[in-house]
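The structure under discussion appears below in the form of structure tokens.
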Amino acid sequence: KTFKFAFQGDLSSLDPHSLNESFLLATLGNVYEGLVLYGPDLEIMPGLAESWKLLTPTTWEFKLRQGVKFHGGQDFNADDVIFSWQRTLSEGSDQKVRGGQIKNITKVDDHTIVVETPAPNPILVQDLPYLLIMDKEWSEENNATNATSAAGDNTGNYANLNANGTGPFMIESHKADVKTVLKRHEGYWKDIEGNVTEVEFTPIKEAPTRVAALISGELDMVYPVPVQDWERLDDADGVSALTGPEARTIFIGFDQGRDELLYSNIKGKNPFKDQRVRAAFVHAVDLEAIKEKIMRGAATPTGLLAAPQINGFVESLNTPYEYNPEKSKALLAEAGYPDGFEVTLDCPNNRYVNDEKICQAVTSMLAKVGVKVDLLAQPKSKYFGKVLSTSGYDTSFYLLGWTPGSMDVENVLSSLIVCQDEENKRGMFNLGNYCNPKVDELTAAIGSETDQAKRTAMIEEAFKIVKDEVGYMPIHQQPIAWGVSDRVTVNQRADNGLDYRYVTVK
Amino acid sequence: MISFILKRLVQSVIVMLTVALIAFSMFRFVGDPINNMVGQDTSRADREALTERLGLNDPFIVQFGRFALNAAQGDFGFSYKFRQPVNKLILERMSATLELSFVSAVLALAIGIPAGVYTALKKKGFLSRGIMTLSLVGVSLPTFLIGILLILLFGVVLRWLPTFGRGDVVAIGGWTTGFLTVSGLKSLILPSITLALFQMTLIMRLVRAEMLEVLRTDFIKFARARGLPDRAVHFKHALKNTLVPVITITGLQLGSLIAFAIITESVFQWPGMGLLFIQAISDVDIPIMAAYLVLIAFFFVIINMVVDILYYAVDPRLRADDA
Amino acid sequence: MEQSLERTRLQRIFGSDIWYSFTHNPTAIFSAIVTVGMILAAIFAPWIAPHDPFDLATISIMDGNLPPAWSAGGDMNFLLGTDDQGRGILSTILYGARISLLVGFSSVIFSMVVGITLGLVSGYVGGRTDALIMRIADIQLSFPAILIALLVDGVARGLIPSEMHSEISIYVLIFAIGISGWVQYARTVRGSTLVEKNKEYVQAARVIGIRPFTILRRHILPNVMGPVMVIATIHLAIAIITEATLSFLGVGVPPTTPSLGTLIRIGNEYLFSGDWWITIFPGITLVVLVLAVNLLGDWMRDALNPKLR
Amino acid sequence: MDLLNINNLRIEFPSRHGTVIAVDDVTLTVQPGEVLGVVGESGAGKSTIGNAVIGLLEPPGKMTGGHVLLKQQGIDTLGPEAKRKIRGRRIGMIFQDPLTSLDPLQTIEQQLVETIDLHLKLGERKSRERAVDLLRQVGIPDPENRIKNYPHQFSGGMRQRVVIALALCAEPEVIIADEPTTALDVSIQAQILELMRRLCKDKKVGMLIITHDMGVIAEITDRVAVMYRGKLVEEGTTAKILGNPDHPYTQSLISAVPRPDIRLKRFPMVNYIEAEGERKKLLDLSTHWLGRSRDYAALDGPLLSLKNIVMTFVTKPAILKHNRVTFNAVDDVSFDINEGEVFGLVGESGSGKSTVARMICSLYRPAAGEINYIGTDLTKIRSETERDFFRRQMQMIFQDPFSSLNSRMRVMDIIAEPIRFHKLASSNREVEQIVTDLLDHVGLGAQAAVRFPHEFSGGQRQRISIARALATRPRFLICDEPTSALDVSIQAQILNLLKDLQEELGLTMLFISHDLPVIRQMCDRVGVMKTGKLVEVSATEDLFENPQAAYTRELLDLMPRLDTLSHEGLEVEQR
Ligand SMILES: Nc1ncnc2c1ncn2[C@@H]1O[C@H](COP(=O)(O)OP(=O)(O)OP(=O)(O)O)[C@@H](O)[C@H]1O
Ligand SMILES: Nc1ncnc2c1ncn2[C@@H]1O[C@H](COP(=O)(O)OP(=O)(O)OP(=O)(O)O)[C@@H](O)[C@H]1O
Ligand SMILES: [Mg+2]
Ligand SMILES: [Mg+2]
């Protein structure tokens, strides 16, 4: 049974360590496997490791699965795990962050290993699903022992165009950006729910074309589908929209670090340093309207920077700030800006669902309380080229979206909320440099607290502070929408990942 | 003639170098490639290391020099995104684009020229007015819109033709062709029409405009006086005298078809060079962009050379002043 | 007939054959009316338009995607419906036309002037000059408007203070589109010039001693304008649409002040969802405009050629 | 039975500047084997008749009355396809403007073969043979190679002969020849006329020949029709019309025919004026604009002297220099022209006369030799500004009045251009004054100023270019066939004007013509050219009385004698 689908982006490489990007990992997750796997609902389940247990706060023992074979027929064993881990740390690898969670791996026997972490790490396994395991021998034969780097010597790496994993599917043919065909790996160690024997993936850049291809019956599934097209899909016969909230949170940030805003008519001081101004902003924006009109009712407005699917999500804090223009005006006046001020909003226009539209809506809502926003909407490469740390956070007011790679709030805190800190690589995506020492302490503690109850408490406290200080303007969890033909059933994961294991073709 | 061609080839090298130079002076405005090459969690240190390794911190003149040197040895580097040799990527795509632009160019000429002649002859005619007007609707709507509408009609509603891609292709040596399979041919139809529409209008109107003038010349009058049949008068004598501008424009258009059929290729997800290029722009895949622009420069020099040669072929009066 | 020898400027205009053939050509009159009408409508948009879609404080997202007034769920305030941000399509067309027309016409004129001049020179002078200009043309051709726009925009942003960015963006557009268009004219004109320059009437002019520049302007130019007109009139449409593409790339006008092209582009995203009016109305506007301009161009080409009158 | 009938033909050219009635109620007939000559004032409507007969009137022209019958069958009413069948096959047409009648992008061969094959269905090879043969008959040297050339590589006369060949190639029943010999030297002319006469007599072809050359009329026509202002004023046998014409216009026309035998002081003016004083009286140059003082220092030595100039053309371009086929159109020619002198240049068509002219006004750069004008070598001058000085002094009347006028400019602007450029007039008003005045001198009314070149007859265009040449008040004037397209009356008027300018202001002229009588009347010295070489240079009278070179004698013998013309009332120049 063949399953044909299209995605907006393409599979830039077959090397599981080459790029830390969700689509690539999700796709290769069908070819390669980690010690643990994501279940249908992002829950962690045993993968190449049958079981694991904490020996000391910083050491774990993993029992590896026996009798697993790579597509090439090689046996899977401890050496492969160690090798793969080392590979993630190799020059050119983009998995250094994951690899970095591990200090050392020692081989007990062929199917037992002990993993050592630099610090106590309660959520180590959270980081393992996408630490994909390659075969040592195979890699050495084809001297692909280093990850395919985007630069320098070992570009053109064998692993870039070939794959040899333990997963249920293996690469039949791969033409970058044109078509990739996978077929079922018969010797897979476990039988799977799905009945697909062949998968055909084509990247289709333009949304309308994608949708057309689905409706015309050429494809069994396409994603993402623009929210405004859902109704159309449901009306059309033979296809329907499969939707759900994504684990990604869209939010707007303020530059609270600088003493004067880069892009504003207020000189000599930084209005965003004033909590009242930030409060005024959040109260001026009508999240419901955005949900109804722009997201066609599909988004879930939020008050928290972490989505419900994320480990450590805090229900109580998830209620959005209330929409209240009057209050907003009052606050502005109080803060000394009775008739507002000007500021530039940086916004991507091809990164998140309807990102540009959201920015426009926010712009006009703020206009109503007297704040004149100049909207600078750009394609993602230019946008990120401007706002990120590498270009010195060149922004005053920006829209961003975040899914924690580890599916744990700790990542949210340490990337978005703690003070910018170059040395320790923390707060790198805290583009506005919201900074509160207390929160930093808490985050540090959360990182190493193994007692779940204590941990949860600290998480709540941290997020409470952020929310009270209006560190950010959370917008919503954006929806995922897949267009699926009635011929097939698929499982939609909240990280927008498609797992062929759960695809069945009627 | 040979000397002429040689001269051009020499010039083409200079042109390509200049293009590369300008290209490199411009890349930093296109965006920051790094973000497309690493995941969000990648630390700044690693990002900067990568930037360093790619030599993106060097002044553009240095980057250019490096590029030029390698290019001289036929090495255009590796794509940042695909981590594959750029030559390979571009070559893979070339056949798709060339076939598409070939077909649509043929369409444009095959329909545009006769239509132009007709509308010129039947200046006030009802039909020709109709043609003139309709053709304009074609150009005044964005290619993207036209593409989508065609897809909706023939792909979704009628389901006659594929909505995207190139269908099955047959590989002959390095060249993959869609001409040999049914699905390949079917998938050619919509994109080539979309592309041809614009060229067609342009060529048609050019031919018409020129014809109107030529038809009034004495030699046409004399040709009639000799009793030549209309076909001969119109196509052999009149049309040939209108060709110089038509050739020019056709050349240019063909060039831009090959180079920048970007919108059409992305609407139909046609795996051609245009698509590769626009992707490269949005991913800031500098090696691809650089190599591509240089290649295109070469294309244009060649095409325009052919055009100039055609001038001489068409109009003997121009040969005198070429020694 | 003698009076025709000393005529005031006005008489020259209204006495001219151009004017005469214009007044005797309904198509020309009609399309002229349409064109001028649109231009005026654009200029006086603030007075004509029911709303000011560029004033964000007045638009409300809550009336986004309303269908035209006459269809179910339509709203009388928005005759032609609204777009996703709740801007009245009618008003937006009127305001957007300002941008589109400005960019369209200016950039086309820009590239015409540059192209024709260079074309004439390289065709007439020939030799090294010709080679040089034509190779520059080849270089130019290798860069799509998109890249040029990015370059120009980048440089411009580098040079001028940030608060002025929004003002200059439109000139960036005009320049970028203009510069990427001139080659078409240059090469066409050059081609025709090569043919014309050997004709005897040019030699006659040379014998009189007329400067090459004047010969080009007065003798050759009129004889090579035919194709130029064709390209220019069609080019207008392209320019207007390119503007939208560039704006999307963030180098043009911001999305809060959509042009015709941008409006169409926004509409494209709603083709499936059935909000056809967002695309169709601006689309029609564009088609009509282009039609009118082209018909006008056709007429003028014939009118300028005494033999065809 | 009549072969061709033209009954009560009336043709109008409506325009917003009033309707021109080009032909007004003209009736003509041509018998099989007969040659009917049509003479008359330039602009009288002769060509228009021709065009009307084969149904190719220039828009906006239209037949508003009358019929055209071929063998009693009306052909003006036929459908386009039927008309097409007649053209070329049954009626051969030679247009007045041979230089623009050929498709510039097709070789002579292609055009001939195409036509022959179409009508005679001979097939490629045979057609080609016939084509070469035809070219030989019309006297094109080495046709086998020349047939491969393109029109622009041919001289005026050669093109005209190609056109004739094209018209004759299908052996039509009727031939309409509009000024077929204007650009031909007497020898070729004689040959062509002979060819045509034979056709008529042997094949019973009827011919309607339009010409200004009374010599030609005398040579071949059986009957002559005289036209004036669109009307047919007189018709009769050739002898009658030439001998004792009835109509005053005809009389004055005949009296104005330049005499081959004797040199007159002035050309007799046509004194027939139908309307009141339209023709210019003798103008008094001392007061006239054309006569305004010229700032020329009197010089010793020749004004212009050519030293061994050579012009080489490439007839077969090739990559490598050595296998290019080239030939010398002008081969080592040298002569002087003194201030105030009229130097005639005669010679067979294609002998390089126009090329010489073009080199003098530096349109062509000589391959060798120098051209000294007032001591400066023009071939050395590089910058336009330097050249200006000479440009103003040196003007040229082009051989082809059709292509040397910019069809997109009004006559007013065409003539005003040099005046404006050289700042010869202070105000716009004055410029327009001058232009009207010039138009008047060349016999075109002021209303011509607002019209465009294509609205004029051949002769009228010729006069426009003459007016343009005079507009700079030149010191040295090059006339390449200045009057070939003019009827004798206009010709007389213009030649007199030139004579006056020459005598009173010392205008120097290089006068290229095939019309030996005119040469005799105009020139002080004459040079004879043959195949690019100058075979003889001598004073006019000597040349005519006792020619030296064999070729010159040949020319003079062939010069048509108009013995029938009466002599009385002509003042012979004493010398
Ligand atoms: N296209 C036109 N529009 C207006 N008037 C025209 C046009 N063509 C010719 N005429 C006028 O018709 C008249 C006759 O023209 P025609 O060419 O028949 O003269 P012609 O007898 O051949 O003179 P020539 O001997 O100089 O050739 C002229 O007065 C001319 O001005
Ligand atoms: N551009 C050219 N290329 C090749 N040969 C040419 C070119 N121009 C003229 N010739 C040749 O040069 C010779 C002289 O031409 P030219 O026009 O001077 O003759 P001419 O004396 O003026 O004859 P006519 O009296 O018929 O005009 C002719 O044989 C002609 O074929
Ligand atoms: Mg005539
Ligand atoms: Mg000549």
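Chain labels A, B, ... are given in the sequence in which chains occur in the structure tokens; within each chain residues are numbered consecutively from 1, and ligands are likewise numbered from 1 in the order shown.
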
Residues within 8 Å of range 154-162 of chain C, please, as an mmCIF file with N, CA and C atoms, in the first residue's frame. Count only C-alpha atoms; anything in the same chain fewer than 3 positions from it doesn't count.
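around06.cif was written with the following content:
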data_model
loop_
_atom_site.group_PDB
_atom_site.id
_atom_site.type_symbol
_atom_site.label_atom_id
_atom_site.label_comp_id
_atom_site.auth_asym_id
_atom_site.auth_seq_id
_atom_site.Cartn_x
_atom_site.Cartn_y
_atom_site.Cartn_z
ATOM 1 N N TYR A 263 13.993 51.372 17.541
ATOM 2 C CA TYR A 263 13.015 51.813 16.544
ATOM 3 C C TYR A 263 11.803 52.423 17.232
ATOM 4 N N PHE B 29 22.647 41.355 2.058
ATOM 5 C CA PHE B 29 21.326 41.985 2.168
ATOM 6 C C PHE B 29 20.207 40.966 2.053
ATOM 7 N N LEU C 150 16.338 43.749 -3.253
ATOM 8 C CA LEU C 150 16.989 43.460 -1.975
ATOM 9 C C LEU C 150 18.251 44.296 -1.825
ATOM 10 N N LEU C 151 19.040 44.340 -2.905
ATOM 11 C CA LEU C 151 20.289 45.097 -2.846
ATOM 12 C C LEU C 151 20.006 46.570 -2.566
ATOM 13 N N HIS C 165 12.723 55.040 6.820
ATOM 14 C CA HIS C 165 12.597 53.866 5.946
ATOM 15 C C HIS C 165 11.268 53.804 5.234
ATOM 16 N N VAL C 172 12.535 53.032 -3.477
ATOM 17 C CA VAL C 172 13.333 51.817 -3.677
ATOM 18 C C VAL C 172 12.644 50.941 -4.709
#

Surroundings of ligand 4 up to 10 Å, based on only C-alpha atoms and all ligand atoms, as number ranges by chain: D: 154-158, 183-184, 348-358, 398-400, 480-481, 512-514

For Ile61 in chain B, list every protein, DNA or RNA residue within 9 Å, evaluated using only C-alpha atoms, and leave out those in the same chain fewer than 4 positions away; present the list as a tab-separated table (two decimals) with all heavy atoms, in the first residue's frame.
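Heads up, here's the output in result.tsv:
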chain	number	residue	atom	x	y	z
B	21	LEU	N	30.83	39.25	-8.84
B	21	LEU	CA	31.27	40.32	-7.94
B	21	LEU	C	30.05	41.01	-7.33
B	21	LEU	O	29.89	41.08	-6.10
B	21	LEU	CB	32.11	41.32	-8.71
B	21	LEU	CG	32.73	42.44	-7.86
B	21	LEU	CD1	33.71	41.83	-6.87
B	21	LEU	CD2	33.44	43.45	-8.74
B	24	PHE	N	28.18	38.85	-4.85
B	24	PHE	CA	28.74	38.73	-3.49
B	24	PHE	C	28.60	40.02	-2.70
B	24	PHE	O	28.43	40.00	-1.49
B	24	PHE	CB	30.21	38.29	-3.57
B	24	PHE	CG	30.34	36.80	-3.66
B	24	PHE	CD1	30.40	36.18	-4.90
B	24	PHE	CD2	30.34	36.02	-2.52
B	24	PHE	CE1	30.49	34.81	-4.99
B	24	PHE	CE2	30.43	34.65	-2.60
B	24	PHE	CZ	30.50	34.05	-3.85
B	25	SER	N	28.63	41.14	-3.41
B	25	SER	CA	28.46	42.40	-2.68
B	25	SER	C	27.05	42.50	-2.12
B	25	SER	O	26.77	43.29	-1.24
B	25	SER	CB	28.71	43.57	-3.62
B	25	SER	OG	27.62	43.67	-4.52
B	65	GLY	N	36.74	36.54	-4.35
B	65	GLY	CA	38.00	35.99	-4.85
B	65	GLY	C	38.02	34.47	-4.68
B	65	GLY	O	38.26	33.73	-5.63
B	66	ARG	N	37.65	34.04	-3.48
B	66	ARG	CA	37.65	32.60	-3.21
B	66	ARG	C	36.76	31.90	-4.23
B	66	ARG	O	37.16	30.98	-4.93
B	66	ARG	CB	37.15	32.36	-1.79
B	66	ARG	CG	37.63	31.06	-1.18
B	66	ARG	CD	37.05	30.85	0.20
B	66	ARG	NE	37.35	31.91	1.15
B	66	ARG	CZ	36.43	32.64	1.79
B	66	ARG	NH1	35.14	32.42	1.54
B	66	ARG	NH2	36.77	33.58	2.64

Chain C residues near chain B within 6 Å, closest pair each, using only C-alpha atoms, as JSON lines:
{"residue": "C:Asp138", "atom": "CA", "partner": "B:Phe300", "partner_atom": "CA", "distance": 5.9}
{"residue": "C:Ile139", "atom": "CA", "partner": "B:Val19", "partner_atom": "CA", "distance": 5.9}
{"residue": "C:Ser142", "atom": "CA", "partner": "B:Ala297", "partner_atom": "CA", "distance": 5.0}
{"residue": "C:Leu151", "atom": "CA", "partner": "B:Met26", "partner_atom": "CA", "distance": 5.6}
{"residue": "C:Gly154", "atom": "CA", "partner": "B:Phe29", "partner_atom": "CA", "distance": 5.3}
{"residue": "C:Thr188", "atom": "CA", "partner": "B:Pro245", "partner_atom": "CA", "distance": 5.4}
{"residue": "C:Pro227", "atom": "CA", "partner": "B:Leu206", "partner_atom": "CA", "distance": 5.7}
{"residue": "C:Ala237", "atom": "CA", "partner": "B:Ser140", "partner_atom": "CA", "distance": 5.2}
{"residue": "C:Val287", "atom": "CA", "partner": "B:Ser140", "partner_atom": "CA", "distance": 5.2}

For chain C versus chain D, which residues have an atom no more than 6 Å away, and what is each residue's nearest atom pair and distance in Å rounded to one decimal, using only C-alpha atoms, chain-then-number order, as JSON lines?
{"residue": "C:Met1", "atom": "CA", "partner": "D:Gln447", "partner_atom": "CA", "distance": 5.7}
{"residue": "C:Glu200", "atom": "CA", "partner": "D:Ser404", "partner_atom": "CA", "distance": 4.7}
{"residue": "C:Tyr201", "atom": "CA", "partner": "D:Ser404", "partner_atom": "CA", "distance": 4.0}
{"residue": "C:Ile208", "atom": "CA", "partner": "D:Arg391", "partner_atom": "CA", "distance": 5.9}
{"residue": "C:Gly209", "atom": "CA", "partner": "D:Arg391", "partner_atom": "CA", "distance": 5.3}

Can you check which residues of chain A have any atom within 9 Å of chain C? Use only C-alpha atoms and format it as a ChimeraX atom specification. /A:207-208,211-212,226,228-233,262-265,289-290,292-294,349,356-357,360-361,363-370,372,374-379,382
